[in-house]
Every structure is written in C-alpha cells, then in structure tokens.
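Asks: Just passing along the structure, written as structure tokens.
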Amino acid sequence: MSAELGVDDVRDRPERWNVVESSAAFHGPVFGVRRDRVEMPRGDGTEIVGRDVVEHIGAVGVLALDDRDRVLLLRQYRHAVGRLLWEAPAGLRDVDGEPLHKLAERELLEEAGYRAERWDTLVDVYTSPGMADERVRIFLARGLTEVPADQIDFERVHEEADMPVVWVPLDEAVRKVLAGELHNMIACMGVLAARAARDSAFRTLRPADAPEG
C-alpha cells in the first residue's frame, strides 16, 4: 500500500511509464498523433495497453486587465465545436526559440491591438492530458495601450478575419464563467486565475519568464 499522502505532496511531477512500442499515425502542421503501447499496472502485475497521444506544439494565452478592472475578450469562430466563442488572445508556439512572453506580446498586438507594460505568469495548464501533450501558459498583461491599426503589420484572415473585442468587468467575467456562458479554456482559466491574483493583491504572480515546471 502506498504511503499516506498529504497536502504538501499535491504537486505535479515528471513520470514516464515504459513504452514498448511507438508509431506515428498522423502528422500535421499543428499536431500529430502517436500510437504507444505502454506497460501499466494491473493487480499484482502489469499489462500492455494502447494509448493514442496527440502531439501538439503548444500555445500561450493573454488575460489583459485594464486600469478599470476589466478583461479583454474577443469573439472567434471555432469550427471543431461549431460555435462563436468569447476568448482571450492566444496563439501557437510556432516560432522556434521564441520566448513565451514575447509570443504573448505579439498575439496581444496582432489579435487585439494592444501593448502592455507589465507582464506576469498567471497559470500553466495541460489542456487535455488524457489524450494530448499540449501545454499552455496564460499571462496576465497590465498597463495597456491601444495601438493604431495602421501601426500593426498583420493581416487577419480566416477565423481571425472578424473578431470583435469587448471589455468585461472582471467580476462579471467570473460570473459568466461560473454560469456556463463562457467555454474557452484559456478564457475561463485566465479569468478565474486573474480574480484569484487580484484578491491576493497580485503578490502570488510569477515573473513572465518563470520556467515551466
């Protein structure tokens, strides 16, 4: 029987069970699918079971909070779920070696048209660890300045062609998350984490370049 665990043990840690066979099932520009056969416990022994793993390049998100305690949300069509979702600015980690906070700065500018003076790490998450290795870092951006459209060298196309922006009071955004009115993971996690950070006077935030655990 395992030793009894307590609150101090509640911390994610690296672990890798033995993979006896692995093969590629699909490879695309954003994600691939890998099929593994993994040795796992069963009773007093082990067995080999199959697991499909979505290999994803990862992403960042930005929860922008202005000096009136409002968060920036933009609406975007998401084909996979067949909905227009209200989201926080976000983007893929598609530039090798680009620091995550620099990617976040770029996404906030390109998608929403703002720059921020203050950047902090808000929360790190795996979006769907039962099937994918995608990880997302969500930043808190403050000290916001709107940038004129003619100073932004970026063309919005496809899903990004028409993304209206609305500033929502943080407490109202929390209510919308808990009421099931918002569904995007980055927006929901960012809003709730920003509320928690604000309630602690932002003392618990990590720096923008904090390592991912």
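The chains in the structure tokens are called A, B, ... from first to last as shown; in each chain the residues are counted from 1, and the ligands are counted from 1 in the order shown.
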Select from stretch 77-194 of chain A every residue with an atom at most 10 Å from any atom of stretch 26-39 of chain A, then for each give the shortest pair of atoms and their distance in Å to one decimal, using only C-alpha atoms, rows by chain and rising number, as CSV.
Replies:
```
residue,atom,partner,partner_atom,distance
A:Leu92,CA,A:Val30,CA,8.3
A:Arg93,CA,A:Val30,CA,9.4
A:Asp94,CA,A:Val30,CA,8.3
A:Met131,CA,A:Val33,CA,9.6
A:Ala132,CA,A:Val33,CA,8.8
A:Asp133,CA,A:Phe31,CA,9.9
A:Glu134,CA,A:Phe31,CA,9.0
```
Asks: Excluding A:Ala59 and any residue of its chain fewer than 3 positions from it, enumerate the residues within 10 Å of it, using only C-alpha atoms, and give them as a list in words.
Replies: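 Listed by chain and then number, they are His56, Ala90, Gly91, Leu92, Arg93, Asp94, Leu100, Leu103, Ala104, Thr127, Glu134, Arg135, Val136, Arg137, Ile138 and Ile186 of chain A.
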Asks: Go through A:Ala196, A:Leu122, A:Leu178, A:Val166 one by one, measure the shortest atom-to-atom distance of each to A:Leu140 using only C-alpha atoms, and give the residue with the smallest value.
Replies: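 Residue with the minimum atom-to-atom distance to A:Leu140: A:Leu122.
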Asks: So that I can see what lies close to A:Val81, please list as a list in words the residues with an atom at most 12 Å from it, counting only C-alpha atoms and leaving out residues fewer than 4 positions away in the same chain.
Replies: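 Once the adjacent positions are removed, what remains is Gln76, Tyr77, Leu85, His183 and Asn184 of chain A.
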Asks: Residues of the last selection are to be written out with C-alpha atoms, as a JSON list (two decimals), in the first residue's frame.
Replies:
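selection.json, freshly written:
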```
[["chain", "number", "residue", "atom", "x", "y", "z"],
["A", 76, "GLN", "CA", -13.84, 33.88, -32.71],
["A", 77, "TYR", "CA", -15.43, 31.09, -34.75],
["A", 85, "LEU", "CA", -16.60, 31.59, -28.56],
["A", 183, "HIS", "CA", -16.43, 27.93, -22.55],
["A", 184, "ASN", "CA", -12.99, 28.64, -23.99]]
```
Asks: Between A:Glu212, A:Glu107, A:Asp171, A:Glu181, which one has atoms that come closest to A:Asp69, using only C-alpha atoms?
Replies: A:Asp171
